[in-house]
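Asker: Submitted below is the structure of interest, expressed as structure tokens.
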Amino acid sequence: MLAEQEKFGSSSNPRVLGIILARGGSKSVIKKNIRPLLGKPLIAYTICEALRSRWISRLIVSSDSEEIRRTAIQYGAQAPFVRPAELATDSATALAADQHALAWAEEEEGVPYDYVVELLCTNPMKTSADIDAALEKLMTTAVDSVIGVTKLEDHHPIRIKKIMDDQIVDFCLPEIPETHRQALKPDAYIRNGAIYAMKRDLLKRGSRYGTSDSRPYIMPAERSINIDAEIDMAVAEILLKKYPRNTISPVMTWEEAGKVLNRQISRNFLILEKTGRLR
């Protein structure tokens, strides 16, 4: 560990807050975040890999759903607050929810974090090695953010079209007919929704990525599946059968998780009585 501390120029470990956003109102795949995937809730794959990270100091699940919070606790994450309703709507941004989780954690602990990493539970294929590699790139390069991306193969922007008056038209870039996929340049990449690692101060300033100091963490296609539809669930099952995860297991029973959640609810209401604010 001493070598790691010297590598990142600190006498103590950097404080990294891991955040998993998981609201209850998914539309395209009902109860998506806790939908069983090979017998385990979808969110469990991200939780278990995040808990194996060498850098994440604390892992929080931000949700408006009691069922999701209880599932998160069952698999070892913390779910210490209910996400405010205004941050759990279809129009609410991940940025605002991340800022809320960071502010909550820092107020409770009384100490600021150095970095934040948002991990989307809709990407079940990322590994703890991916999480750590992205964080280490962020720490060693001193950039604002490091974002998980994957290379576009058959969906290069040059091949994207729009339909106008029933005609197929180039969307934004002209395509030379009969061009082989391998000849499409420059290479194009898309955010894969797996990892958003950022400096704490960037999040406080109102950004997660997109600055001139955003850098990529390139991931292969097989670890870049992002579940937005039923077909994505089917693809994820195939991938997990080919690349099995043997570390996805609960740390307590459903009943025990319920007791932990009830204690948190009671604690938060005591805070409400004392301070006038529900945390």
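Letters A, B, ... go to the chains of the structure tokens in the order shown; residues in each chain start at 1; ligands are counted from 1 in the same order.
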May I have the residues within 7 Å of Pro250 of chain A as a compact mmCIF listing (two decimals) with N, CA and C atoms, in the first residue's frame, using only C-alpha atoms and disregarding those fewer than 6 positions away in the same chain?
Answerer:
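Resulting contents of around_3.txt:
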```
# COMPACT_ATOMS: atom_id res chain seq x y z
N GLN A 74 -28.62 -5.57 1.08
CA GLN A 74 -28.44 -7.02 1.12
C GLN A 74 -27.14 -7.45 0.46
N TYR A 75 -26.72 -6.70 -0.57
CA TYR A 75 -25.50 -7.06 -1.30
C TYR A 75 -24.28 -6.27 -0.85
N GLY A 76 -24.41 -5.51 0.23
CA GLY A 76 -23.23 -4.91 0.84
C GLY A 76 -23.03 -3.43 0.66
```
Asker: If we count only C-alpha atoms and set the cut-off at 6 Å, which residues sit around segment 140-147 of chain A, ignoring sequence neighbours fewer than 2 positions away in its own chain? Please answer as a ChimeraX atom specification.
Answerer: /A:136-138,195-199,209,213-217
Asker: Residues as selected, N, CA and C atoms, written as a PDB file, in the first residue's frame, can you do that?
Answerer:
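The file below, part_34.pdb, is the result:
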```pdb
ATOM      1  N   GLU A 136      -7.345   5.215 -11.374  1.00  0.00           N
ATOM      2  CA  GLU A 136      -5.900   5.434 -11.378  1.00  0.00           C
ATOM      3  C   GLU A 136      -5.487   6.365 -12.509  1.00  0.00           C
ATOM      4  N   LYS A 137      -6.152   6.280 -13.644  1.00  0.00           N
ATOM      5  CA  LYS A 137      -5.870   7.223 -14.727  1.00  0.00           C
ATOM      6  C   LYS A 137      -6.250   8.634 -14.303  1.00  0.00           C
ATOM      7  N   LEU A 138      -7.374   8.763 -13.618  1.00  0.00           N
ATOM      8  CA  LEU A 138      -7.806  10.070 -13.117  1.00  0.00           C
ATOM      9  C   LEU A 138      -6.782  10.637 -12.136  1.00  0.00           C
ATOM     10  N   ILE A 195     -18.699   3.789 -16.314  1.00  0.00           N
ATOM     11  CA  ILE A 195     -17.887   4.462 -15.302  1.00  0.00           C
ATOM     12  C   ILE A 195     -17.800   5.952 -15.604  1.00  0.00           C
ATOM     13  N   TYR A 196     -18.075   6.761 -14.595  1.00  0.00           N
ATOM     14  CA  TYR A 196     -17.841   8.202 -14.661  1.00  0.00           C
ATOM     15  C   TYR A 196     -16.999   8.567 -13.440  1.00  0.00           C
ATOM     16  N   ALA A 197     -15.695   8.645 -13.618  1.00  0.00           N
ATOM     17  CA  ALA A 197     -14.793   8.993 -12.519  1.00  0.00           C
ATOM     18  C   ALA A 197     -14.408  10.459 -12.654  1.00  0.00           C
ATOM     19  N   MET A 198     -14.477  11.199 -11.562  1.00  0.00           N
ATOM     20  CA  MET A 198     -14.257  12.649 -11.661  1.00  0.00           C
ATOM     21  C   MET A 198     -13.669  13.202 -10.375  1.00  0.00           C
ATOM     22  N   LYS A 199     -13.027  14.353 -10.512  1.00  0.00           N
ATOM     23  CA  LYS A 199     -12.612  15.084  -9.328  1.00  0.00           C
ATOM     24  C   LYS A 199     -13.846  15.561  -8.580  1.00  0.00           C
ATOM     25  N   TYR A 209     -18.497  15.438 -16.854  1.00  0.00           N
ATOM     26  CA  TYR A 209     -17.588  15.160 -17.967  1.00  0.00           C
ATOM     27  C   TYR A 209     -17.803  16.257 -19.005  1.00  0.00           C
ATOM     28  N   ASP A 213     -10.613  18.642 -20.166  1.00  0.00           N
ATOM     29  CA  ASP A 213      -9.787  17.721 -19.385  1.00  0.00           C
ATOM     30  C   ASP A 213     -10.475  16.390 -19.124  1.00  0.00           C
ATOM     31  N   SER A 214     -11.430  16.000 -19.957  1.00  0.00           N
ATOM     32  CA  SER A 214     -12.054  14.679 -19.853  1.00  0.00           C
ATOM     33  C   SER A 214     -11.245  13.681 -20.674  1.00  0.00           C
ATOM     34  N   ARG A 215     -10.952  12.548 -20.095  1.00  0.00           N
ATOM     35  CA  ARG A 215     -10.162  11.523 -20.783  1.00  0.00           C
ATOM     36  C   ARG A 215     -10.945  10.213 -20.849  1.00  0.00           C
ATOM     37  N   PRO A 216     -10.611   9.359 -21.842  1.00  0.00           N
ATOM     38  CA  PRO A 216     -11.342   8.099 -21.985  1.00  0.00           C
ATOM     39  C   PRO A 216     -10.717   6.959 -21.205  1.00  0.00           C
ATOM     40  N   TYR A 217     -11.571   6.057 -20.751  1.00  0.00           N
ATOM     41  CA  TYR A 217     -11.126   4.732 -20.340  1.00  0.00           C
ATOM     42  C   TYR A 217     -11.797   3.775 -21.317  1.00  0.00           C
TER      43      TYR A 217
END
```
Asker: Atom CA of Leu59 of chain A and atom CA of Arg267 of chain A, how far apart in Å?
Answerer: 19.2 Å
Asker: Name all residues at most 7 Å from segment 110-123 of chain A (count only C-alpha atoms; drop same-chain ones fewer than 2 positions away) and give them as an MDAnalysis selection string.
Answerer: chainID A and resid 14:21 33 42:43 46 106:108 125:126 193:200 224:227
Asker: Include C-alpha atoms and write out the residues we just selected as a short mmCIF file (atom, residue, chain, number, x, y, z; two decimals), in the first residue's frame.
Answerer:
```
data_model
loop_
_atom_site.label_atom_id
_atom_site.label_comp_id
_atom_site.auth_asym_id
_atom_site.auth_seq_id
_atom_site.Cartn_x
_atom_site.Cartn_y
_atom_site.Cartn_z
CA PRO A 14 -7.37 9.47 -1.47
CA ARG A 15 -11.01 9.58 -0.42
CA VAL A 16 -13.19 8.21 -3.20
CA LEU A 17 -16.98 8.19 -3.01
CA GLY A 18 -18.68 5.55 -5.14
CA ILE A 19 -22.24 6.39 -6.18
CA ILE A 20 -24.77 4.08 -7.83
CA LEU A 21 -27.91 5.85 -9.05
CA ASN A 33 -32.36 -2.12 -11.50
CA LEU A 42 -29.02 -6.42 -11.85
CA ILE A 43 -27.72 -3.88 -9.34
CA THR A 46 -22.17 -3.34 -9.95
CA GLU A 106 -19.76 15.01 3.21
CA GLU A 107 -22.24 16.57 5.63
CA GLU A 108 -22.60 13.31 7.52
CA MET A 125 -20.19 -6.35 -17.16
CA LYS A 126 -17.67 -3.86 -15.79
CA GLY A 193 -22.46 4.14 -19.23
CA ALA A 194 -20.13 2.00 -17.13
CA ILE A 195 -17.89 4.46 -15.30
CA TYR A 196 -17.84 8.20 -14.66
CA ALA A 197 -14.79 8.99 -12.52
CA MET A 198 -14.26 12.65 -11.66
CA LYS A 199 -12.61 15.08 -9.33
CA ARG A 200 -14.87 16.02 -6.46
CA SER A 224 -19.90 -2.31 -22.52
CA ILE A 225 -23.46 -3.64 -22.67
CA ASN A 226 -25.89 -1.03 -21.32
CA ILE A 227 -29.36 -2.32 -20.48
#
```
Asker: Smallest atom-to-atom distance to Ile131 of chain A: which of A:Thr211, A:Ser26, A:Asn268, A:Ser53, using only C-alpha atoms?
Answerer: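 For Ile131 of chain A, the nearest of the given residues is A:Ser53.
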Asker: Per DSSP on the backbone, what are the strand (DSSP E or B) residues of segment 159-222 of chain A, as a tab-separated table (two decimals) with C-alpha atoms, in the first residue's frame?
Answerer:
```
chain	number	residue	atom	x	y	z
A	161	LYS	CA	-28.62	8.30	-41.59
A	162	LYS	CA	-31.84	10.25	-41.30
A	163	ILE	CA	-35.01	9.88	-43.34
A	164	MET	CA	-36.40	12.97	-45.07
A	167	GLN	CA	-35.31	9.36	-48.61
A	168	ILE	CA	-32.22	8.06	-46.81
A	169	VAL	CA	-29.92	11.03	-46.20
A	170	ASP	CA	-26.55	11.38	-44.48
A	189	TYR	CA	-16.20	6.01	-29.56
A	190	ILE	CA	-19.36	6.23	-27.47
A	191	ARG	CA	-19.87	6.56	-23.73
A	192	ASN	CA	-20.85	3.11	-22.51
A	193	GLY	CA	-22.46	4.14	-19.23
A	194	ALA	CA	-20.13	2.00	-17.13
A	195	ILE	CA	-17.89	4.46	-15.30
A	196	TYR	CA	-17.84	8.20	-14.66
A	197	ALA	CA	-14.79	8.99	-12.52
A	198	MET	CA	-14.26	12.65	-11.66
A	199	LYS	CA	-12.61	15.08	-9.33
A	214	SER	CA	-12.05	14.68	-19.85
A	215	ARG	CA	-10.16	11.52	-20.78
A	216	PRO	CA	-11.34	8.10	-21.98
A	217	TYR	CA	-11.13	4.73	-20.34
A	218	ILE	CA	-11.56	2.43	-23.33
```
Asker: Quick one: of A:Asp132, A:Glu67, A:Asp98, A:Glu86, who's nearest to Ala50 of chain A, counting only C-alpha atoms?
Answerer: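 Of A:Asp132, A:Glu67, A:Asp98, A:Glu86, the one nearest Ala50 of chain A is A:Asp132, counting only C-alpha atoms.
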Asker: Name the closest residue to Arg83 of chain A among the candidates A:Arg35, A:Arg54, A:Arg263, A:Arg23; distances are taken between atoms, counting only C-alpha atoms.
Answerer: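 Among A:Arg35, A:Arg54, A:Arg263, A:Arg23, it is A:Arg23 that comes nearest to Arg83 of chain A.
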Asker: Tell me which of A:Ile68, A:Val61, A:Leu135, A:Leu38 sits closest to Trp254 of chain A, counting only C-alpha atoms.
Answerer: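 Of A:Ile68, A:Val61, A:Leu135, A:Leu38, the one nearest Trp254 of chain A, counting only C-alpha atoms, is A:Ile68.
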Asker: With only C-alpha atoms as the basis for distance, which of A:Arg159, A:Lys259, A:Lys40, A:Arg70 is at the shortest distance from Ile176 of chain A?
Answerer: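 Ranking A:Arg159, A:Lys259, A:Lys40, A:Arg70 by distance to Ile176 of chain A, first place goes to A:Arg159.
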Asker: Have a look at atom CA of Gln264 of chain A and atom CA of Thr247 of chain A and let me know their distance in Å, one decimal.
Answerer: 26.8 Å
Asker: Might you pull out every residue within 10 Å of segment 152-157 of chain A, with only C-alpha atoms counted and same-chain residues fewer than 4 positions away left off, and present them as a short mmCIF file (atom, residue, chain, number, x, y, z; two decimals) with N, CA and C atoms, in the first residue's frame?
Answerer:
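Saved to out.cif:
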```
data_model
loop_
_atom_site.label_atom_id
_atom_site.label_comp_id
_atom_site.auth_asym_id
_atom_site.auth_seq_id
_atom_site.Cartn_x
_atom_site.Cartn_y
_atom_site.Cartn_z
N LYS A 161 -27.76 7.63 -40.60
CA LYS A 161 -28.62 8.30 -41.59
C LYS A 161 -29.85 8.90 -40.93
N ASP A 170 -27.62 11.34 -45.48
CA ASP A 170 -26.55 11.38 -44.48
C ASP A 170 -26.99 12.22 -43.30
N PHE A 171 -26.73 11.73 -42.09
CA PHE A 171 -27.18 12.45 -40.90
C PHE A 171 -26.32 13.69 -40.65
N CYS A 172 -25.00 13.49 -40.63
CA CYS A 172 -24.13 14.65 -40.40
C CYS A 172 -22.82 14.55 -41.17
N LEU A 173 -22.39 13.32 -41.49
CA LEU A 173 -21.14 13.13 -42.22
C LEU A 173 -21.41 12.38 -43.52
N PRO A 174 -20.80 12.80 -44.61
CA PRO A 174 -21.04 12.13 -45.89
C PRO A 174 -20.40 10.74 -45.93
N GLU A 175 -21.12 9.79 -46.49
CA GLU A 175 -20.60 8.43 -46.62
C GLU A 175 -20.28 8.15 -48.07
N HIS A 180 -15.59 0.00 -46.87
CA HIS A 180 -15.52 -1.06 -45.87
C HIS A 180 -15.50 -0.46 -44.46
N ARG A 181 -16.10 -1.17 -43.53
CA ARG A 181 -16.16 -0.69 -42.15
C ARG A 181 -14.77 -0.38 -41.61
N GLN A 182 -13.79 -1.22 -41.94
CA GLN A 182 -12.45 -1.04 -41.40
C GLN A 182 -11.78 0.23 -41.91
N LEU A 184 -13.32 3.17 -42.24
CA LEU A 184 -13.96 4.38 -41.71
C LEU A 184 -13.06 5.01 -40.64
N LYS A 185 -12.62 6.22 -40.91
CA LYS A 185 -11.70 6.92 -40.01
C LYS A 185 -12.17 8.35 -39.79
N PRO A 186 -11.82 8.96 -38.67
CA PRO A 186 -11.08 8.37 -37.56
C PRO A 186 -11.96 7.42 -36.75
N ASP A 187 -11.34 6.62 -35.90
CA ASP A 187 -12.11 5.75 -35.03
C ASP A 187 -13.08 6.57 -34.19
N ALA A 188 -14.26 6.02 -33.95
CA ALA A 188 -15.29 6.71 -33.18
C ALA A 188 -15.61 5.91 -31.92
N TYR A 189 -15.93 6.64 -30.86
CA TYR A 189 -16.20 6.01 -29.56
C TYR A 189 -17.49 6.58 -28.98
N ILE A 190 -18.13 5.79 -28.13
CA ILE A 190 -19.36 6.23 -27.47
C ILE A 190 -19.25 5.95 -25.98
N ALA A 221 -16.14 -4.24 -26.21
CA ALA A 221 -17.59 -4.32 -26.42
C ALA A 221 -18.26 -5.29 -25.45
#
```
Asker: Extract, using only C-alpha atoms, all DNA, RNA and protein residues at most 12 Å from Val260 of chain A, discarding same-chain residues fewer than 6 positions from it, and format them as a list in words.
Answerer: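 Counting only C-alpha atoms, the residues come to Glu66, Arg69, Arg70, Thr71, Ala72, Ile73, Gln74, Gly76, Ala77, Gln78, Ala79, Pro80, Met252, Thr253, Trp254, Ser266 and Arg267 of chain A.
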Asker: Grab the residues selected above and save them as a short mmCIF file (atom, residue, chain, number, x, y, z; two decimals), in the first residue's frame with N, CA and C atoms.
Answerer:
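Final file, part17.cif:
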```cif
data_model
loop_
_atom_site.label_atom_id
_atom_site.label_comp_id
_atom_site.auth_asym_id
_atom_site.auth_seq_id
_atom_site.Cartn_x
_atom_site.Cartn_y
_atom_site.Cartn_z
N GLU A 66 -37.73 1.85 -1.78
CA GLU A 66 -37.36 1.07 -0.60
C GLU A 66 -36.88 -0.32 -1.01
N ARG A 69 -33.32 -0.01 -2.26
CA ARG A 69 -32.42 0.27 -1.14
C ARG A 69 -32.17 -1.00 -0.32
N ARG A 70 -33.21 -1.75 -0.10
CA ARG A 70 -33.07 -2.98 0.68
C ARG A 70 -32.22 -4.00 -0.07
N THR A 71 -32.39 -4.09 -1.37
CA THR A 71 -31.57 -4.99 -2.18
C THR A 71 -30.11 -4.57 -2.14
N ALA A 72 -29.87 -3.26 -2.24
CA ALA A 72 -28.50 -2.75 -2.19
C ALA A 72 -27.83 -3.11 -0.87
N ILE A 73 -28.55 -2.93 0.22
CA ILE A 73 -28.01 -3.27 1.55
C ILE A 73 -27.73 -4.77 1.64
N GLN A 74 -28.62 -5.57 1.08
CA GLN A 74 -28.44 -7.02 1.12
C GLN A 74 -27.14 -7.45 0.46
N GLY A 76 -24.41 -5.51 0.23
CA GLY A 76 -23.23 -4.91 0.84
C GLY A 76 -23.03 -3.43 0.66
N ALA A 77 -23.89 -2.77 -0.11
CA ALA A 77 -23.77 -1.32 -0.28
C ALA A 77 -24.49 -0.60 0.84
N GLN A 78 -24.25 0.69 0.94
CA GLN A 78 -25.00 1.54 1.86
C GLN A 78 -26.10 2.26 1.07
N ALA A 79 -27.25 2.40 1.68
CA ALA A 79 -28.36 3.16 1.08
C ALA A 79 -28.96 4.02 2.19
N PRO A 80 -28.20 5.00 2.67
CA PRO A 80 -28.54 5.67 3.92
C PRO A 80 -29.60 6.76 3.83
N MET A 252 -26.02 -10.56 3.41
CA MET A 252 -27.01 -10.80 4.46
C MET A 252 -28.31 -11.25 3.82
N THR A 253 -29.23 -11.72 4.62
CA THR A 253 -30.52 -12.15 4.10
C THR A 253 -31.40 -10.94 3.81
N TRP A 254 -32.49 -11.19 3.09
CA TRP A 254 -33.46 -10.14 2.79
C TRP A 254 -34.06 -9.59 4.09
N SER A 266 -35.50 5.03 11.02
CA SER A 266 -35.70 5.56 12.37
C SER A 266 -34.67 6.64 12.69
N ARG A 267 -33.42 6.39 12.32
CA ARG A 267 -32.35 7.36 12.58
C ARG A 267 -32.62 8.66 11.84
#
```
